[in-house]
Every structure is written in C-alpha cells, then in structure tokens.
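Peer 1: The structure that follows is given in the form of structure tokens.
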There are 4 protein chains.
Amino acid sequence: MQYASDNTGPVHPKVMEALARANEGYTASYGADPLMEIVRTQIREIFEAPEAAVYLVATGTAANALALACLAEPWQTVFCSDVAHIHEDECGAPEFFTAGSKLTLVPSDQGLMSASDLRATIAAVGAGGVHGVQRGPISITQGSERGTAYTLDQIWALCDVARDLDLPVHLDGARFANALVALGCSPAEMTWKAGVDAVSFGGTKNGLMGVEAVVLFDPARAWEFELRRKRAGHLFSKHRYLSAQMAAYLEDGLWLDMARDANAASAALAEGLEATGHVRLHHRPVINTLYADWPRHLHQRLHQAGAAYYITEGELAGGDLEERLSARLVCDWSATPEARSEFLGFFAGD
Amino acid sequence: MQYASDNTGPVHPKVMEALARANEGYTASYGADPLMEIVRTQIREIFEAPEAAVYLVATGTAANALALACLAEPWQTVFCSDVAHIHEDECGAPEFFTAGSKLTLVPSDQGLMSASDLRATIAAVGAGGVHGVQRGPISITQGSERGTAYTLDQIWALCDVARDLDLPVHLDGARFANALVALGCSPAEMTWKAGVDAVSFGGTKNGLMGVEAVVLFDPARAWEFELRRKRAGHLFSKHRYLSAQMAAYLEDGLWLDMARDANAASAALAEGLEATGHVRLHHRPVINTLYADWPRHLHQRLHQAGAAYYITEGELAGGDLEERLSARLVCDWSATPEARSEFLGFFAGD
Amino acid sequence: MQYASDNTGPVHPKVMEALARANEGYTASYGADPLMEIVRTQIREIFEAPEAAVYLVATGTAANALALACLAEPWQTVFCSDVAHIHEDECGAPEFFTAGSKLTLVPSDQGLMSASDLRATIAAVGAGGVHGVQRGPISITQGSERGTAYTLDQIWALCDVARDLDLPVHLDGARFANALVALGCSPAEMTWKAGVDAVSFGGTKNGLMGVEAVVLFDPARAWEFELRRKRAGHLFSKHRYLSAQMAAYLEDGLWLDMARDANAASAALAEGLEATGHVRLHHRPVINTLYADWPRHLHQRLHQAGAAYYITEGELAGGDLEERLSARLVCDWSATPEARSEFLGFFAGD
Amino acid sequence: MQYASDNTGPVHPKVMEALARANEGYTASYGADPLMEIVRTQIREIFEAPEAAVYLVATGTAANALALACLAEPWQTVFCSDVAHIHEDECGAPEFFTAGSKLTLVPSDQGLMSASDLRATIAAVGAGGVHGVQRGPISITQGSERGTAYTLDQIWALCDVARDLDLPVHLDGARFANALVALGCSPAEMTWKAGVDAVSFGGTKNGLMGVEAVVLFDPARAWEFELRRKRAGHLFSKHRYLSAQMAAYLEDGLWLDMARDANAASAALAEGLEATGHVRLHHRPVINTLYADWPRHLHQRLHQAGAAYYITEGELAGGDLEERLSARLVCDWSATPEARSEFLGFFAGD
C-alpha cells in the first residue's frame, strides 16, 4: 500500500545486476567509460537522433536546471505551467543555474497547458523592450505533474507557438517512459519531430537508483553543457555506475516494460477505487499517477493501516468524517496486485 | 597497473552488498530514510560531535561547493592553496555556488600551505574597506592534492590564523581517511578540535560508488545547507542508496581498512620504484598518491604496456629519451601486489 | 503636452544650483563627502529614525534591487503585486541582485494588493519544505504603478501579514513624495511605524537628475548594503553630486512642493478630461499618474499635434475611430496649465 | 595640496554649463535623448569606428563589469594584472556581473603586464579539459593603476597573445585620455587597431561628474549589453544628463586638454619633488599619477598641513622619522601651480 511516490520504491533487479557487472576492475572516469559509449548509442537510436548530445546526471532537478541553463539567458523568462516541477519542487534550481532567469507561469488544467494560454502568456511578455525580461524557452512536462499526458497534437501545438516566436523547447521527462507507452508513439515523435530541443529523460522514477539523461538534439551547446555540469558538481567521477544503470534500463525495453507495469497498476487502482462507490477520480489516469477524493474517515482508516500516499487537499484530522479529501496516488513498476487488493479492501463495508 | 586515479577502481564488495540489502521494498525518500539516521549517528560518533549536521551528496565538488557556500558571502574571498582542488579541478564550482566569491591563492609546498604564508596572504586582503573583497573562509585539503598530509600541529597552526581573524575553516577531505590513518589520530583531532568548522568527508575516492558527507559542526546553518543542496539538484530522491553506501563504509572500520590498504600500496610502490635506481621520488608518499620522475623511455615502455597514470610534467613523445618526466601515481584500496610487480618489472634491465 | 513620464521632465532649478554650489574644490569621494552627512541627518529627521542607515544610488532599479538583496535569500521568493515595477520594468534586476530569488505575484486592483490576497498568496508558498522556495520579503509600491496609493490602514494591513509570518517589508517609493502628500501623513507613519523595514526613497521622478535614497531602519545590514552597492558598481566616486541633489531636494520641503505640484497638475488634468465628456477616468488620480480611455480619433488628433503619453491598451492606428483606447498620463513637477489647456483643447469641437 | 585621487576634484565648468543647457524642457528618457545621438557620433568618429556600439554608464566599475560580462562566460577566467582595478578595487564586481568567472592574475611591473608573462599565465590555464575553468578575456588597464602606460607596441604584443589564442580583449580606460595624450597616438591605434574588442572609456576621473562610455567595436553583443545594463540598474531614466556631460567632454577636445593638464601637473610635481633632494620617484610619471617615497617626518609635516594623498606603504605614525614611506599622488585637471608650490615648500629647510 505504498503509493506515496515513484521514488520510494526499489531499483529493478536487472539494474542491480548491471551495477554488479560494472563493478569489475578499472575504468576511465568522468564519463569516458565504455558503458557511456553504449548509452550514447542506445539513446541516439531510441530517439532516431544520431547527432544528439547525451549526458547523464543523477537527479531530475539537475537534468532540468542544466538543460534550461543552456537554453535561457539570465535576462529571459522560462514559460512553464503553474504546477510545473521546475516551479514548485526544485527550490529555485532553474533560477540558480540560469543566473537569475524568471519563470513565467501559464495556467494549466490537470497539469496541461493549452497552446492558446501559452501564446497569450508569452504575448504579454517582452513588449517592454529593454525594461522587461525577454522571452526565453518553453518547458513542458510529459507526463505531467497531475498524472496526465499531452497528446502528440497538443505537443505539436505548443511547439508551434515556440516555432512562431523562435523560442527553444525543453521537455521535462521525469516520467517520459510512462507518457510514451501511454501514447504509443516513438520518442522522436514525442520530442524533436514535434519541435522539442532538449529533453530531461528520466530514469529514477521508473526503476533506477538515480540517473537521468539529458538529450540535446542540437549538439551546438554540448560543450557548454559539459562545463555547466562539472561546475555544478554533477559530473560523476565513477561515472560507470550511472552508465550501467541507464544501459540496463534501455536494454531489451526494460524501461518500457516498467513504465507499462506502473501505468497498468495505476489504471487498475483507479478502476478499483471507482468500483468502491466512495471515490471520485479527478481524471482517468493516463500515466502512473492518479488524483481522487473520498471521505475523511476512509482516509483515516487507510492511514491507520499504514497506507502511504499524499493528501493534497484537506487535513487528515478533522471533525466532519464525510468531508472529501483529495489525494495523490502513484504506482511504480513494483506495485503489486496484492497491495492494491489490500488497499481497496479498506473501502469495503462502507 | 592502474594508477591513474582513485576513482577509476571498483567499489568495495561490502558496499555493493549493502546496496543490494537496501534495495528492499519501500522507503521514505529525500533523506528521510532510516539508513540516513544510522549514518548520522555513525558520523556524529566517529567525530565525537553529537550536534553536528550531517548530509550526503554524490560528488566531492558538490560537497566542497555547498559547504563553502554556507561559509562565504558573495563579496568575500576563500583562501586556499594554489594547487587546491577547489581552485584547479572544479571548473569554478565554488564561484558558482557562492554567487561569485573570489578564491585567493596561498603558495604551497608539496600541496601544503604554511601558516605564515596563509597569514601573509590574508593580511594583504581586505584592507581596502568597501573597495576590495572581504576576508572569507580558509579551505585546507587533507590529505593534500600532492599526496602529502598536514600534521596535527600544522592544522592547528592554520586554524590559529583563522581564529585570530575570526574566519571559518573548511576541510576538503576527499582523501580524509587516507590522511587520518597516516596521522593515526582521531577525526575530531583532525577537525573541530583543531578549529575546523565544516568537512567534506570523502567516500568516493576510497571505495564507494559516489558518496561524500558534509559535516557542519555548528548546526546553525543546517537548514541553509539543505536548501542549497536541493536548489543545486544534489538532494537525491532515492537517498537510501547514498545512505547505504556510507553506512557500509563506516561499519566495522571498512573505511579505515581501505585507506590503510591504499596508503600501503602506495608506500610499497614508492619503495619499489626507488629500488629500481631510475626513479626520483618527489616526496615519501604519506597517503595514497605519489609524485616521482624517471626517464622518458621508461615512461614510453610503461605506456605501451598499458600502464595507466598521469604524466604531470613533460610530454611522453619526444626525442631525448633520457629526459625525466614527472608522473603522478595513485593507488586505491584495490591495488594489488601483482600489478605492482608487473609495473616495476618494466624498470628492470635498464 | 508632455505626459509620457515623470522622467522626461527637467531637474528643478534649485537642484541645479545646488550642484553648481557643490562643484567647488576638493571633497572626499565614495560617500565620505560632508554633504552626505547632511543628507543622512535630513533623512533620519524626516523619517524620525535616528538609527537608520541611509545610502544614495542613482537609479530606482538599483535602489530596489539592492534593498531586496539585503532582505531576501537566493532560495526565497519576494511577494509583490502583479504590476510591480520590480516585476515588470527592471529586466530581472531583483533576480540578478539576489542571486536568483523568485518573485511571486499577488493579484492587484488599480495597482494595489489587498492584505487578504497577499495572505492567500503567501499561504500557498513554502509548505513543501525543502522542495519549494521559501517565503521572503514583501515589496509594496507607494504610490503605486497605477497612480493610486495605499491608505495608511492598507499599509498596516499588509505589514500585519508580514508581522504574522515574520517576513521583512520593502517599500518601493519611486513616487514616495507623491503618495505622502496625497495621504497627508508623516514618512514614519507611511513606513516603519506601519512595519516597513527598507525604503527606496525616490527622487529622480520628482525633479532630481538621478538620485534615490535607500533607508534601512534596522542598520544591522548596513555594511552588507555598502558591499553590495560597491560590488554592483553603484557607489559613486564623485558622490558629492548625488548628495547635493538630495540635500537640495529635502531642504525647505522642496520635495513636498514638487510632489504637490505634480499631483495637482494630474488632478486638474483629470478634471479637465472628464469635463470634455469624451473621457472615462479609470480612477480618480491620487498621485501624479492617471489612467483613462477615450476614442481613437481623439488620440490620433493629439498624437499628430505632438502630445506625448503612452497608450496602454489598443493601437493608435486602426479603422474604428470610436474605439476607446486606454492611456497613461503622468505629470511631473514642471507641468504647466498652458500645456494642459492646449491638450484639453483638442477634445473640443467633438 | 589635494593629491588623493582624480575623483576628489571638481567637474569642469564647461561640463556644468552643458548640464544646465541640457536642463530645458522634455526629452526622451532611457538613452533615447537626442544628445545621446550626438555622443554616439562623436565616439564613433573619435575611434574611427562607425559600427561601434556606444553606451553610457555612471561608474567605472559598472563599465568594466558590464563589458567583461559580455566577453566572459561564467566558467571562464579573465586574465588581468595582479594590481588591476577590476581585481583590487571593485569588491568582486566582475565576478558578480559574469555570474562567477574567475580572475587569473598576471604578474606586473609598475602596473604593466608583459606579453610573455601573460602568455605563460594563460598557458597554465585550461589544459584540464572540463575540470578547470576555461580561458576567457584579457583585460588591460591603460593608463595603468601605477601611473604608467603601455606603449602601442606593448598593447600590440598583449593583443597578439589574445589573437593567437582567440581570446577577446577588454581595455579598462578609466584614465584613457591621460594615456592617450601621453602616447600621442589615436584612440583607434590604442584600441581596435591593436586588437582591443571593448573599451571602458573613462570620463569621471578626468573632469566629469560621473560618466563612462562603453565602446564595443563589434556590435554583435550590443543588445546583450543593453539588457545587462538595465538589469544591473545602470540604465538612467534621465539619461540626457549623462549624454550632456560626455558630449561636452568630447567637444573641441576638452577631454584631451584636461588630460594634458593633469599629466603636466603630475610631471611638474614629480620634477619638483625630485629637486627637493628628499624624494625618490618610483618611476617618471607617464600619466597623472606618481609613486614616490620620502622620510616619515616629511610625510607627517605634510599631513599636519592638510596635504591629501595616500601612503601606500608604511604607517604615518612611527618612531623612526627617517624611515621612507611610499606614497601615491594624483593630479586632476584642476591641479594648480600654487598648490604644488605650497606642497613642495614643506620639503624645504630639510
């Protein structure tokens, strides 16, 4: 009954085995390890992008902030949704790495910006000449922070805005795999073919120990990225242990299998919750995260039994036992039917 | 014959086992894992510092730069040796994390600053009132970048300068364990008892996959450290895998054993080199790094045979085969007598 | 017919005379000039704040950004209105000077934030522990960017929010004098008695050549301010020419006289406009700025005749001659009845 | 007897008159004033650089730091002399404006770097790949901080180093005019013809109230400069008062006349000092600054009489009355023969 986050679960056994295999003898450090060569080839193939610059870092915040720092000047503003991870959950990392760029928030619905809202928000910025900050990159999150995902058409429409205004596009793909399998498209379609310039390609939330790739489709700023990574303390000396994780992740589609399992677990959980008659889903989960609400007394019962998940609106303690509290539940690759049954069991008899 | 660095070697098997053990079920993320509680207790005990704030990051550059950012204001200068890692090998990370502090270089001999040079260097700074940068923290590296280590008396003398001027002291302990076993003192003696305020307590170079602790003896800036770490992308979501490494490292003195093995391997290599009659040691290695020179043709022979180490002065290719080129050789915990014998064998017959 | 801004007008003759008087012989530089002693005393008396730290800079952006940098940590967010000058018109200066703080926008009505909106906006920030940026200073603009001014009660209410949450308060007083004479209160009442910690005390828009004072009621961060000012290139070597302006400004109430004249000119202009029957005022001007709208053809006629002011909504060129375009008109101390009559004359005969 | 600095003296009367003339009616703000058009034309003509981007700021630190920020990336280091104003007297402004660049110091003799020292210093930087900071701009000061000036050949030789390594060159010309008249060359010869890319063209130390021009010979980064200037609070709203000063400065060679007068006053002072028999000049003054030493008791006598200058080595108070203390004396355009005679008179009778 562990639905708090996809970063509370374990690393996939195949990844652990890959780490053990990588732990043999001596290897060049700081990214010059042969495994990194393999990873680079894998990612270029998966993205159908033979020129792409590919780098590994250990956290999603590092991936996002370093990528954005390569796309944004300090006097520019990044356009992102008002619930974007880069805005809400990185303690100002983009502002730090960019040397003081602004983030301009675009209204979102279930985690998704519309192209028209994006366009209108941008239109209101940069008209003041030198007085105001200038228009900078657009950052979109796929899958979103609310458990939804943009369709390919929606990504195209957002990138159209960027194209019209000659702005670069960053994609925060902390849950890239989850969105990809939900859409059933190719990584290229979900990124550069639509107009995305740089991707934070997540692994940590999907079964790795702590690895994210940054993919820059235009390698022009590759050297800048390398310097920024080093300067930020994000270049690993024993880099082979990042490479090993990512190589295992991408081998034989493990990454897609884990994402499918996580999504399926979330979908099954959603169905089960709905079937209880007590739960209102805020939307049908597209990826591995669901938002829903149900009465306080059921929340209390679940928490007493050790269920782990976040209540996003309302307080667990409170007098009105029928008041509905909103919750977020996240399934990772390791979520089991047994845990789900146990969880749903607490709704029975009401 | 792998003497390029102590970050090209493998992770100790006990650490790998600890990672495997940690990979069970669900655990709280972002440093709230129970293993981190154990690590905190271990480090406080080892340092005899029950109030110390203890944090884990994955790279030495992150540890140093975050610690310094908590000690230095942007308009101050950090005093460090002219061969300090923070000056030469971090691509300006201290400048980045501190929002633009200067580094003022103190002359060094075999990697070590003298208290009198430190005092003289500081005296020349800060007399200009508001016009010049202000005096900030002193950063010392123990063991040093040249394979030496300060004696306790020398650390005391450096800290005396800091005390006199009311400046904080940072210790870059990327090779803390190597220096500690060389000195045969306690961690407390080598740090806070002498006057050190913050330590980068290295693990990566000494058999871990990628973990360093930052120890702040005065916990007043602990919350600031946490915010800086997060903001810099150095707070791991799946933090348990950092904790697990460090816990295993500190258990039953594994860290000291590995450091002793590395130092001994380096000492044995130095003796063997000297015995060849071709090699001039630049100093008797105190920790696990040695600097020496020998004729070019022997370097060429070794490199052809696959020996890995850095030539620090001179070019491998060149006409004068008797010209002496300087080299750095580093032994890690896994260095073997067999590799040493093979390496030394190439000096024979000359 | 020059209503574009209060920075397009001339410097008051008395200020020019003071500059000429100051231009005698040699004087200590970098703020050690005797005139600065006079200014410090004047400002402390005017504010009834004998301990206040007082500094001069040449631009409002410098005053605001330096003051905020002393109040905000890089990982904090500044709360300000969504039309705040620091957000819209300083090209990210606060973000630059603070090393990457965020600005969190509070909804405004006619340029004014309500205490309840401020409280609600703050409540939504900082609940995420280390993951989100932390709560930082509140910045209010008095008189506002929309030609209005907070009442003393409103300032109190905003400062109450700050008091409850232990946050510092900055007041952007680019048009401090205009608001002060409009309210008829004392500088102390409008600032520290209500709870304001730091003031950007404007002079440039009110008849000076280019001088703003920064007043820090708590001198604890005075030295930090001095270092930040120098480091930002805002400490003038020939400082006496800043002091001379400010001293003349504050002597015999010149600053209040100029503000009263500017406000009165704006009020008279508003009345005149309303009397034409063509103009809708967006609000009765409280200070020296008014917002209003009237039909396009009248705008076109005025612009053709050389009237200078900003159209804030709509385009001057356009087919529908009756469409109403919004405009901003600003009067400075030198605005004349003649120019007003001429301006209003263009509305006649319609 | 005012030799403390060239920023303690008055503004030239013609400049004051120009300010008075500029103070008529309304003018466009923020650099769009017609006077700025004149200044731009003047500077382009003086420098024979019709494409140059020309901007005004109020302080030398702003000019230097903004220019360097356009030339240096955060992960680069600026090469400058070990007595450079940007290193010693700007409280870290270059580090602030560049978002954390390093300054690497080149040894100097009487304020001047040699091309060979510059080349050797640069050679030691940047060999470490991603680990060390990268090579960035070279900054030279002309006239130097020690009262000397580079010959054209020396500037060429320094720029040759830059050319060979493809590094940009900045010239800190706080005393540009003084050096120019000393060399008797053209501004173009002293800058872009030799290989200089950006100039801080000083006015403040040479009779202005507070204006420096920044001249970028390649206008490619002009827009970036404008945004950086605004973001740093260095764009003046009432910009005409900067323009007016600079226009008057450049009209009819006033700037050259003032520089010649200042240099001549310094030369005469040096001669007079030498003739006293008590003074040892550290070098024949080339511009308007001289360094010399003489016995303590004479310093004491002068200071008691109100003479103003800096003692750069030694303490005024002290037992040994014959000990020689070093001093810096600076003459500005307004230095008089009377003051000189008075000053020299105190050496008589000894």
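Residues in the structure tokens are numbered from 1 in each chain, the chains being A, B, ... in the order shown, and ligands are numbered from 1 in the order shown.
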So that I can check the secondary structure, give me every residue of stretch 66-243 of chain B assigned strand (DSSP E) by backbone DSSP, as an MDAnalysis selection string.

Peer 2: chainID B and resid 76:81 102:106 134:141 169:173 198:202 212:216

Peer 1: Taking only C-alpha atoms into account, find every residue of chain A that has an atom no more than 8 Å from chain B, and write it out as a ChimeraX atom specification.

Peer 2: /A:2,7-11,16,20,23-29,58-62,65,90-93,96-97,204,209-210,227,230-238,241

Peer 1: Keeping only C-alpha atoms, take the residues you just selected and write them out as a compact mmCIF listing (two decimals), in the first residue's frame.

Peer 2:
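As written to disk, result-v2.txt reads:
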# COMPACT_ATOMS: atom_id res chain seq x y z
CA GLN A 2 2.86 2.29 -0.94
CA ASN A 7 10.77 7.34 -5.78
CA THR A 8 10.04 5.35 -2.65
CA GLY A 9 10.20 2.00 -4.43
CA PRO A 10 13.14 -0.27 -5.15
CA VAL A 11 15.51 -0.44 -8.10
CA MET A 16 21.24 -4.03 -9.68
CA ALA A 20 27.37 -5.54 -10.08
CA ASN A 23 31.95 -3.22 -10.75
CA GLU A 24 34.86 -5.06 -12.30
CA GLY A 25 38.38 -3.70 -12.41
CA TYR A 26 39.39 -0.27 -13.61
CA THR A 27 37.53 2.04 -15.92
CA ALA A 28 38.05 5.53 -17.19
CA SER A 29 36.30 8.10 -15.04
CA ALA A 58 21.85 11.75 -11.05
CA THR A 59 18.78 13.84 -10.31
CA GLY A 60 15.85 15.23 -12.23
CA THR A 61 16.40 18.69 -10.82
CA ALA A 62 19.96 18.66 -12.15
CA ALA A 65 18.17 23.03 -14.45
CA GLU A 90 13.10 22.42 -7.22
CA CYS A 91 13.66 25.18 -4.64
CA GLY A 92 14.58 27.63 -7.37
CA ALA A 93 17.11 25.43 -9.16
CA PHE A 96 20.11 29.30 -9.67
CA PHE A 97 21.52 27.53 -12.72
CA THR A 204 14.98 7.50 -11.40
CA MET A 209 18.71 4.23 -8.47
CA GLY A 210 19.35 7.78 -9.60
CA LEU A 227 31.15 22.74 -18.37
CA LYS A 230 31.09 19.94 -14.00
CA ARG A 231 30.77 23.39 -12.46
CA ALA A 232 27.58 22.33 -10.74
CA GLY A 233 29.18 19.24 -9.23
CA HIS A 234 27.09 16.93 -11.38
CA LEU A 235 29.86 15.19 -13.29
CA PHE A 236 30.44 11.84 -11.58
CA SER A 237 33.99 10.60 -11.22
CA LYS A 238 32.86 6.96 -11.08
CA TYR A 241 27.72 3.40 -12.29

Peer 1: Expressed in Å to a single decimal, how great is the separation between atom CA of D:Pro187 and atom CA of D:Ala32?

Peer 2: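 According to the coordinates, atom CA of D:Pro187 and atom CA of D:Ala32 are separated by 25.8 Å.
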
Peer 1: What's around D:Gly277 at 10 Å? Count only C-alpha atoms, leave out sequence neighbours fewer than 2 positions away in its own chain, and write the answer as a JSON list (two decimals) with C-alpha atoms, in the first residue's frame.

Peer 2:
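Contents of out09.json, freshly written:
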[["chain", "number", "residue", "atom", "x", "y", "z"],
["D", 272, "GLY", "CA", 59.65, 69.47, -8.08],
["D", 273, "LEU", "CA", 59.76, 66.55, -5.69],
["D", 274, "GLU", "CA", 62.93, 65.20, -7.16],
["D", 275, "ALA", "CA", 64.52, 68.60, -6.96],
["D", 279, "VAL", "CA", 62.22, 62.17, -2.71],
["D", 280, "ARG", "CA", 62.82, 59.02, -4.71],
["D", 294, "TRP", "CA", 60.40, 60.10, 1.31],
["D", 347, "PHE", "CA", 60.25, 69.84, 1.85],
["D", 348, "ALA", "CA", 62.36, 72.98, 2.14],
["D", 350, "ASP", "CA", 65.50, 69.98, 5.49]]

Peer 1: Where in stretch 166-276 of chain A does DSSP assign alpha helix (DSSP H), given as a VMD selection string?

Peer 2: chain A and resid 176 to 183 187 to 190 222 to 231 240 to 250 254 to 275

Peer 1: Which residues come within 10 Å of A:Leu250, counting only C-alpha atoms, excluding same-chain residues fewer than 2 positions away, as a list in words?

Peer 2: Val39, Gln42, Ile43, Ile46, Gly203, Gln245, Met246, Ala247, Ala248, Asp252, Gly253, Leu254, Trp255 and Leu256 of chain A

Peer 1: Save the residues we just selected, N, CA, C and O atoms, as an mmCIF file, in the first residue's frame?

Peer 2:
data_model
loop_
_atom_site.group_PDB
_atom_site.id
_atom_site.type_symbol
_atom_site.label_atom_id
_atom_site.label_comp_id
_atom_site.auth_asym_id
_atom_site.auth_seq_id
_atom_site.Cartn_x
_atom_site.Cartn_y
_atom_site.Cartn_z
ATOM 1 N N VAL A 39 25.558 3.718 -23.907
ATOM 2 C CA VAL A 39 24.367 4.513 -23.586
ATOM 3 C C VAL A 39 24.114 5.560 -24.658
ATOM 4 O O VAL A 39 22.980 5.767 -25.105
ATOM 5 N N GLN A 42 22.653 3.898 -27.605
ATOM 6 C CA GLN A 42 21.264 3.490 -27.326
ATOM 7 C C GLN A 42 20.302 4.668 -27.436
ATOM 8 O O GLN A 42 19.262 4.583 -28.099
ATOM 9 N N ILE A 43 20.654 5.753 -26.798
ATOM 10 C CA ILE A 43 19.724 6.888 -26.756
ATOM 11 C C ILE A 43 19.583 7.524 -28.133
ATOM 12 O O ILE A 43 18.493 7.908 -28.554
ATOM 13 N N ILE A 46 17.258 5.182 -29.981
ATOM 14 C CA ILE A 46 15.879 5.263 -29.481
ATOM 15 C C ILE A 46 15.211 6.556 -29.941
ATOM 16 O O ILE A 46 14.029 6.561 -30.294
ATOM 17 N N GLY A 203 14.920 8.469 -15.458
ATOM 18 C CA GLY A 203 15.075 7.063 -15.156
ATOM 19 C C GLY A 203 14.782 6.770 -13.688
ATOM 20 O O GLY A 203 14.273 5.708 -13.355
ATOM 21 N N GLN A 245 23.477 1.790 -15.065
ATOM 22 C CA GLN A 245 22.033 1.830 -14.822
ATOM 23 C C GLN A 245 21.264 2.144 -16.098
ATOM 24 O O GLN A 245 20.274 1.488 -16.428
ATOM 25 N N MET A 246 21.730 3.165 -16.785
ATOM 26 C CA MET A 246 20.995 3.599 -17.969
ATOM 27 C C MET A 246 21.066 2.552 -19.081
ATOM 28 O O MET A 246 20.083 2.311 -19.788
ATOM 29 N N ALA A 247 22.222 1.918 -19.208
ATOM 30 C CA ALA A 247 22.351 0.888 -20.244
ATOM 31 C C ALA A 247 21.388 -0.262 -19.973
ATOM 32 O O ALA A 247 20.716 -0.766 -20.894
ATOM 33 N N ALA A 248 21.304 -0.672 -18.728
ATOM 34 C CA ALA A 248 20.385 -1.764 -18.388
ATOM 35 C C ALA A 248 18.930 -1.345 -18.599
ATOM 36 O O ALA A 248 18.089 -2.134 -19.040
ATOM 37 N N ASP A 252 16.703 -4.176 -24.098
ATOM 38 C CA ASP A 252 15.532 -5.047 -24.247
ATOM 39 C C ASP A 252 14.239 -4.402 -23.745
ATOM 40 O O ASP A 252 13.345 -5.113 -23.258
ATOM 41 N N GLY A 253 14.175 -3.108 -23.814
ATOM 42 C CA GLY A 253 12.917 -2.441 -23.474
ATOM 43 C C GLY A 253 12.519 -2.496 -22.014
ATOM 44 O O GLY A 253 11.349 -2.299 -21.677
ATOM 45 N N LEU A 254 13.482 -2.737 -21.141
ATOM 46 C CA LEU A 254 13.135 -2.770 -19.713
ATOM 47 C C LEU A 254 12.407 -1.506 -19.292
ATOM 48 O O LEU A 254 11.436 -1.551 -18.528
ATOM 49 N N TRP A 255 12.897 -0.363 -19.778
ATOM 50 C CA TRP A 255 12.278 0.915 -19.391
ATOM 51 C C TRP A 255 10.803 0.980 -19.772
ATOM 52 O O TRP A 255 9.985 1.525 -19.021
ATOM 53 N N LEU A 256 10.474 0.421 -20.953
ATOM 54 C CA LEU A 256 9.080 0.449 -21.398
ATOM 55 C C LEU A 256 8.240 -0.542 -20.595
ATOM 56 O O LEU A 256 7.091 -0.254 -20.238
#

Peer 1: Can you tell me which residues surround A:Tyr150 at a distance of at most 7 Å, considering only C-alpha atoms, apart from same-chain residues fewer than 5 positions away, and format the answer as a PyMOL selection string?

Peer 2: chain A and resi 112+142+155

Peer 1: Find the residue from A:Pro74, A:Pro50, A:Gly306, A:Pro295 that sits nearest to A:Glu323; use only C-alpha atoms when measuring.

Peer 2: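 Going through A:Pro74, A:Pro50, A:Gly306, A:Pro295 one by one, the smallest distance to A:Glu323 is for A:Pro295.
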
Peer 1: Can you tell me how far atom CA of C:Phe176 sits from atom CA of D:Gly31, in Å to one decimal?

Peer 2: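 Separating atom CA of C:Phe176 from atom CA of D:Gly31 is a distance of 24.6 Å.
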
Peer 1: May I ask which of the residues A:Ile86, A:Val211, A:Val78, A:Ile311 is the closest one to A:Thr121, counting only C-alpha atoms?

Peer 2: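 Closest to A:Thr121, using only C-alpha atoms: A:Val78.
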